[in-house]
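> Let me begin by handing over the structure; questions about it come next.
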4 protein chains.
Amino acid sequence: MSLAVGVIGAGVMGSEHARILRKETIGAHLAAICDADEARARSAGDGQGLVFTDPLALINSDRVEAVVIAAPDSTHKGLALACVEAGKPVLCEKPLAVTAAEALEVVEAEVAKGRPLVQVGYMRRFDPPYIEMKRAREAGEIGVPVILHNIHRNAVVPEWFTGAMSVTNAFVHEIDVSRWLLGSEMVSAQAHCGEGGDPLMITMVTDRGTIVSTEVFMNCRYGYHVHAQLVGRHGTIETAVPVTTLSNASGRHGFSYPDNWVPRFRTAYANQMNAWVAAAAGGQSCGGANAWDGYVTTSIAEQVVAALETRTLTRLSLPPRPSCYG
Amino acid sequence: MSLAVGVIGAGVMGSEHARILRKETIGAHLAAICDADEARARSAGDGQGLVFTDPLALINSDRVEAVVIAAPDSTHKGLALACVEAGKPVLCEKPLAVTAAEALEVVEAEVAKGRPLVQVGYMRRFDPPYIEMKRAREAGEIGVPVILHNIHRNAVVPEWFTGAMSVTNAFVHEIDVSRWLLGSEMVSAQAHCGEGGDPLMITMVTDRGTIVSTEVFMNCRYGYHVHAQLVGRHGTIETAVPVTTLSNASGRHGFSYPDNWVPRFRTAYANQMNAWVAAAAGGQSCGGANAWDGYVTTSIAEQVVAALETRTLTRLSLPPRPSCYG
Amino acid sequence: MSLAVGVIGAGVMGSEHARILRKETIGAHLAAICDADEARARSAGDGQGLVFTDPLALINSDRVEAVVIAAPDSTHKGLALACVEAGKPVLCEKPLAVTAAEALEVVEAEVAKGRPLVQVGYMRRFDPPYIEMKRAREAGEIGVPVILHNIHRNAVVPEWFTGAMSVTNAFVHEIDVSRWLLGSEMVSAQAHCGEGGDPLMITMVTDRGTIVSTEVFMNCRYGYHVHAQLVGRHGTIETAVPVTTLSNASGRHGFSYPDNWVPRFRTAYANQMNAWVAAAAGGQSCGGANAWDGYVTTSIAEQVVAALETRTLTRLSLPPRPSCYG
Amino acid sequence: MSLAVGVIGAGVMGSEHARILRKETIGAHLAAICDADEARARSAGDGQGLVFTDPLALINSDRVEAVVIAAPDSTHKGLALACVEAGKPVLCEKPLAVTAAEALEVVEAEVAKGRPLVQVGYMRRFDPPYIEMKRAREAGEIGVPVILHNIHRNAVVPEWFTGAMSVTNAFVHEIDVSRWLLGSEMVSAQAHCGEGGDPLMITMVTDRGTIVSTEVFMNCRYGYHVHAQLVGRHGTIETAVPVTTLSNASGRHGFSYPDNWVPRFRTAYANQMNAWVAAAAGGQSCGGANAWDGYVTTSIAEQVVAALETRTLTRLSLPPRPSCYG
């Protein structure tokens, strides 16, 4: 009754997924772990799971029932396709693929297979603050939503991460979570860019006229800080920074930010894994991002990158949604 | 040694200015008050000051040394011009005029007179939170500013107040205070508009590349709420809602918002009056918005109204600044 | 490798422990559930676990390896003794017994058995805010602790719950967590009592001179609110209310309190169960309250009840700690 | 129509009172300033007011209509008596005298004179957070008050300031403001003392059974921090730290404390002076602490110092209140 999960990749996220499978997941176990660096794989498994260096061998192993992909972005598409081919549920770290065209290949493969197998790791859908915001909106507690303000700040990144990269790798979280929170599709985007490509300020509008305003700042220095405030016609609801304590020291009152997304979203990652495992075991969706969501997110990101050049209002275009995605 | 100040208009703001002159201003007294409704003028004076029904008579009275204009917007230009003509310092409620062309007339009259006499009542420049933000920026405490997020929410307004009106009457505060906070001029603007013209989301960029993002929401329902966060390359600083107490009641912890701008900016209005009086007595500027600032603000507002139609990025244009405005 | 746990009691806490065992515990499963009301037991088990109506049968069943006691307080001592007799690890809801004398019987039985088997369910030791406070104190981040301020507020209780009952059933949490946080024993207590026995204000002093000040208010009306601030010679650290979102509505900004201790301490209860299961499986202590702690807490509570009458400073007395409790 | 005020003492508080009279007071002016150090007096006057070195000369000068006493504590009684003798309104810095017996002399002199002339500078009565708390209590917004929690923390003091001195010079603020907030008299006190006489934890009970719990910590290191929370049977209200901005820097979110009581209570001191001036001009009380309040506060402080030794519950005793104090 325990799902045998294999994890591909033993870097920061792969190790974290392996740890969650070992320590915080009900109904599943770490059955296998794969990394080109075998010692790293072994270390991430911490004594649990078969060790692989070939991801396709892991995917096709009969000791593995479901797969987590946490290898480099460029491998996501190929590995996801292999999982679909093998008929195994897969939780693929975001983005689903490095281009929209590649992401669409995964969608098409899944549609051809006739069965949803892919979940993309947009973990904010499992974060308690976002879940509470969505619940409040759906319950009508704030009235019709008119603006969603997102802030996505990271302490510091390498130089190559800013500009287009911060859209396709960081802003994708806001694309996904905004669509999910609002239950709407984005129809236009307009972008401003700070000096050196950081920060960005991106304004999207949904098919219901809600304005989605997002700051993406990869080098804010002071810490990792993600915030969202949803403004409705009767009130607002916003995420609280999840802190355990407040302190007084050296003339100041306040709290500390987490260093990065791993501690900030620790609960979300664990919830995501447990929900995915339950869905994979039971065959039902758990509300995670599916392959179509993964494709849309990457496609919008590509169009926003283009909008960064033109700075004009860009009408977003998407192909029709395959009927199997509801 | 006490400056004799006459107040024109005895509505909400005129009465408040009269009260501040009577109760909270050092070095000045309420010498006269004018309203078409004589009883209303008398009531606002509360036993102090001559009562006028003709504003020009007040301006030209030899019992009045300086003038506060708080009459309807459409009268501002004419009254300000009369004050300039009479050579009397004037604190004119915002906006300086209902069109940029009219505001420019005031600028030109003042330039011709060769002496700055006009201050426009952009009181946020005297609000402790904004003053502290400007000080911190100038002291380099947050590094180079990259984004300024403004939120301007009002509980409820009549229907005619939304759309263009919320730009020319509400958003003008953000235009002025953003220019002042950043010490920069705005060079472009782009605007999004919610259903029914409310809320608006406006993105401007300064001549130094700082992005200024503003939500203007005239019917947010929950209260009067003005917020600004300045994001620099090393940290951020933001306004705190000035509250005296916190409470626990009915399952919730929190604080109350003021009902409108009068209680929220009570300290700012008193500071503004005291600073203006000291400057009027001493002939030196107190850092308030001058006629040029009043013109620029209204001119940018007009251009933003146009941008609301086109939704494209609008390059803002302004005539050269007369040398007397430094 | 999965520990077979039996739960005695299917009321609020018993059902919650059963749910945690079914849904949130690694390395254990709900093997049995017992309640005098068989239907209630069945319902709490939700399809898992054998159903018992006789708690001793559950304790002695060879299908049960470890026991959770969540039956009425008056049964705790007898059931805990039976678990000790059976040599099975037991997590007993607080208090360990209704009198100190009875609690001491459990201690003595355990000492005679020569092996620690009892953990008392003082779950705050597993609550992230308290854990962070203890870590900060031990790391010297606030300097030598001089005062601990505790606030324990409950929305509403039946009339019989106030006075002595609020000491022996509510304040016991502060006795335990203060001893644990400070790593010190209490040596004196003094108590004030509000009208009708609610609220209480109790001041204790530790063997290192730290003052522990606690408000216990069983009918505060506004919600369930537990707070602690530890004041050291260099700074302070305090618990934050664990909230996910903040909202603006009806003129106010703020957050909601949980209704009672179950949602407030959800994470603590799950952590406690996982830690106890790991310890029960591995035979090592997990830092939970042991039988001695359970005895001391109830003994101090009894002495505080006496101090409520006299209102004078009461020197607390405890027998020597058996060596096996370190 | 402008009240001629003389200030005695040009130290920290005397200079501040002189500044307030020069810059922030309506209806009064700095007519004279006195200090044994003439240059210091001159500097505090900043060009305004006659300079005295003999305080009695200032009090008796016909150029002075009302007096502010901000000289060393030991002089308060004598100077206050001289003001009463001269029939001049006086605002005397706290404490009214260094012993209760001396304070009672001032009360008796005033009673003999038949006219209230003395106000003691317990400025918290004019602080917006405390005013709002009192208003809320009187309006019944929190129900019957059951506990008042006070915290009085100072960054650092000289060694001689702790112990008894922190009661008679710091805790007196809590005695006065608690009596005023609750509209009740204190009837018992009990005190605990940290190592080295700092911090103190003092519990008083009022004649209506409200518990008043106060921490006094003179060397908390992190800043100047005064807090009060009033707990009623339906909810609580507490002071907010009056901050203008919040910041994010170096991994933390928060705000700064003021360095000491002067910036923290800047508004309260200015309000107090304006209210006292208006009352002195009009002959009516402004709600400040009168001589009786000054006596009671010092008398209770003396009894608390004694209670620090005994640590037992001390019943507080006061003589009957003279009828002229209502």
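Ligands are numbered from 1 in the order shown, residues from 1 within each chain, and chains are lettered A, B, ... in the order they appear in the structure tokens.
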Residues of chain B were defined as contacting chain C if any atom lay at most 6 Å from it, counting only C-alpha atoms; please report them as a ChimeraX atom specification.

/B:222-223,249-257

> What are the DSSP strand (DSSP E) residues of stretch 96-286 of chain A, as a PDB file with C-alpha atoms, in the first residue's frame?


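What follows is the written file result-v4.pdb:
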```pdb
ATOM      1  CA  VAL A 118       2.079  14.744 -15.169  1.00  0.00           C
ATOM      2  CA  GLN A 119       2.026  17.167 -12.263  1.00  0.00           C
ATOM      3  CA  VAL A 120       4.298  20.220 -12.355  1.00  0.00           C
ATOM      4  CA  PRO A 145     -11.250  40.387  -7.138  1.00  0.00           C
ATOM      5  CA  VAL A 146      -9.963  43.499  -8.875  1.00  0.00           C
ATOM      6  CA  ILE A 147      -6.210  43.481  -8.314  1.00  0.00           C
ATOM      7  CA  LEU A 148      -3.679  40.871  -7.271  1.00  0.00           C
ATOM      8  CA  HIS A 149      -0.357  42.332  -6.104  1.00  0.00           C
ATOM      9  CA  ASN A 150       2.516  39.871  -6.160  1.00  0.00           C
ATOM     10  CA  ILE A 151       6.010  40.432  -4.823  1.00  0.00           C
ATOM     11  CA  HIS A 152       8.730  37.877  -5.493  1.00  0.00           C
ATOM     12  CA  ARG A 153      12.063  38.795  -3.951  1.00  0.00           C
ATOM     13  CA  MET A 186      -4.264  35.852 -18.426  1.00  0.00           C
ATOM     14  CA  VAL A 187      -5.043  37.791 -21.614  1.00  0.00           C
ATOM     15  CA  SER A 188      -2.500  40.612 -21.725  1.00  0.00           C
ATOM     16  CA  ALA A 189       0.855  41.569 -20.280  1.00  0.00           C
ATOM     17  CA  GLN A 190       3.024  44.628 -20.085  1.00  0.00           C
ATOM     18  CA  ALA A 191       6.458  44.786 -18.519  1.00  0.00           C
ATOM     19  CA  HIS A 192       8.940  47.298 -17.119  1.00  0.00           C
ATOM     20  CA  CYS A 193      12.521  46.482 -16.454  1.00  0.00           C
ATOM     21  CA  LEU A 200      11.026  43.638 -13.238  1.00  0.00           C
ATOM     22  CA  MET A 201       7.520  44.979 -12.859  1.00  0.00           C
ATOM     23  CA  ILE A 202       4.927  43.062 -14.862  1.00  0.00           C
ATOM     24  CA  THR A 203       1.244  43.862 -15.222  1.00  0.00           C
ATOM     25  CA  MET A 204      -1.112  41.215 -16.592  1.00  0.00           C
ATOM     26  CA  VAL A 205      -4.893  41.314 -17.000  1.00  0.00           C
ATOM     27  CA  THR A 206      -7.157  38.274 -16.752  1.00  0.00           C
ATOM     28  CA  ILE A 211      -5.235  43.242 -12.853  1.00  0.00           C
ATOM     29  CA  VAL A 212      -2.243  41.140 -11.770  1.00  0.00           C
ATOM     30  CA  SER A 213       0.739  43.271 -10.817  1.00  0.00           C
ATOM     31  CA  THR A 214       4.042  41.576 -10.012  1.00  0.00           C
ATOM     32  CA  GLU A 215       7.436  42.742  -8.847  1.00  0.00           C
ATOM     33  CA  VAL A 216      10.227  40.242  -9.494  1.00  0.00           C
ATOM     34  CA  PHE A 217      13.465  41.252  -7.772  1.00  0.00           C
ATOM     35  CA  HIS A 225      10.375  37.360   0.551  1.00  0.00           C
ATOM     36  CA  VAL A 226       7.270  36.304  -1.355  1.00  0.00           C
ATOM     37  CA  HIS A 227       4.064  38.233  -0.807  1.00  0.00           C
ATOM     38  CA  ALA A 228       0.628  38.396  -2.416  1.00  0.00           C
ATOM     39  CA  GLN A 229      -2.323  40.617  -1.664  1.00  0.00           C
ATOM     40  CA  LEU A 230      -5.649  40.004  -3.324  1.00  0.00           C
ATOM     41  CA  VAL A 231      -7.847  43.090  -3.473  1.00  0.00           C
ATOM     42  CA  GLY A 232     -11.567  42.558  -3.869  1.00  0.00           C
ATOM     43  CA  THR A 236      -8.397  42.375   0.886  1.00  0.00           C
ATOM     44  CA  ILE A 237      -6.566  39.253   1.955  1.00  0.00           C
ATOM     45  CA  GLU A 238      -2.811  38.808   1.879  1.00  0.00           C
ATOM     46  CA  THR A 239      -0.161  36.267   2.761  1.00  0.00           C
ATOM     47  CA  THR A 245       8.785  34.234  16.854  1.00  0.00           C
ATOM     48  CA  LEU A 246       9.294  37.981  17.101  1.00  0.00           C
ATOM     49  CA  SER A 247      12.229  39.589  18.823  1.00  0.00           C
ATOM     50  CA  ASN A 248      13.518  42.797  20.341  1.00  0.00           C
ATOM     51  CA  ALA A 249      17.231  43.381  19.905  1.00  0.00           C
ATOM     52  CA  ARG A 252      14.599  47.032  16.824  1.00  0.00           C
ATOM     53  CA  HIS A 253      11.452  44.881  16.897  1.00  0.00           C
ATOM     54  CA  GLY A 254      10.732  42.389  14.178  1.00  0.00           C
ATOM     55  CA  PHE A 255      11.198  38.991  12.640  1.00  0.00           C
ATOM     56  CA  SER A 256      13.627  37.199  10.335  1.00  0.00           C
TER      57      SER A 256
END
```

> Show me, as a PyMOL selection string, the residues that have an atom within 10 Å of C:Pro158 when counting only C-alpha atoms, minus same-chain residues fewer than 4 positions from it.

chain C and resi 162+218-219

> State, in Å with one decimal place, the distance from atom CA of D:Lys23 to atom CA of D:Ala66.

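A separation of 17.6 Å between them.
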
> Could you pull out the helix (DSSP H, G or I) residues of stretch 169-226 of chain B from DSSP and send them as a PyMOL selection string?

chain B and resi 169-182+195-197

> In Å, with one decimal, what is the gap from atom CA of C:Ala32 to atom CA of C:Asn271?

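Between atom CA of C:Ala32 and atom CA of C:Asn271 the gap works out to 20.7 Å.
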
> If you count only C-alpha atoms, which residues fall within 9 Å of C:Asn274, apart from same-chain ones fewer than 5 positions away, as a list in words?

Leu21, Glu24, Thr25, Ile26, Gly27, Ala28, Tyr269 and Ala279 of chain C

> Pick out the residues sitting within 8 Å of D:Val177, and hand them over as a PyMOL selection string; count only C-alpha atoms, and ignore anything fewer than 6 positions along from it in its own chain.

chain D and resi 122+124-125

> One decimal, in Å: what's the spacing between atom CA of D:Gly326 and atom CA of D:Asp127?

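Separation between atom CA of D:Gly326 and atom CA of D:Asp127: 23.5 Å.
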
> For each of B:Arg22, B:Lys77, B:Arg63, B:Lys88, take the minimum atom-to-atom distance to B:Leu104, counting only C-alpha atoms, then give the residue where this is smallest.

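Of B:Arg22, B:Lys77, B:Arg63, B:Lys88, the one nearest B:Leu104 is B:Lys77, counting only C-alpha atoms.
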
> Just the residues within 9 Å of A:Gly14, please, counting only C-alpha atoms, with nothing from its chain fewer than 2 positions along; format it as a count of residues only.

16

> Excluding A:Gly49 and residues on its chain fewer than 4 positions from it, collect all residues at most 9 Å away from it, counting only C-alpha atoms, and give them as number ranges by chain.

A: 5-6, 29-33, 42, 45
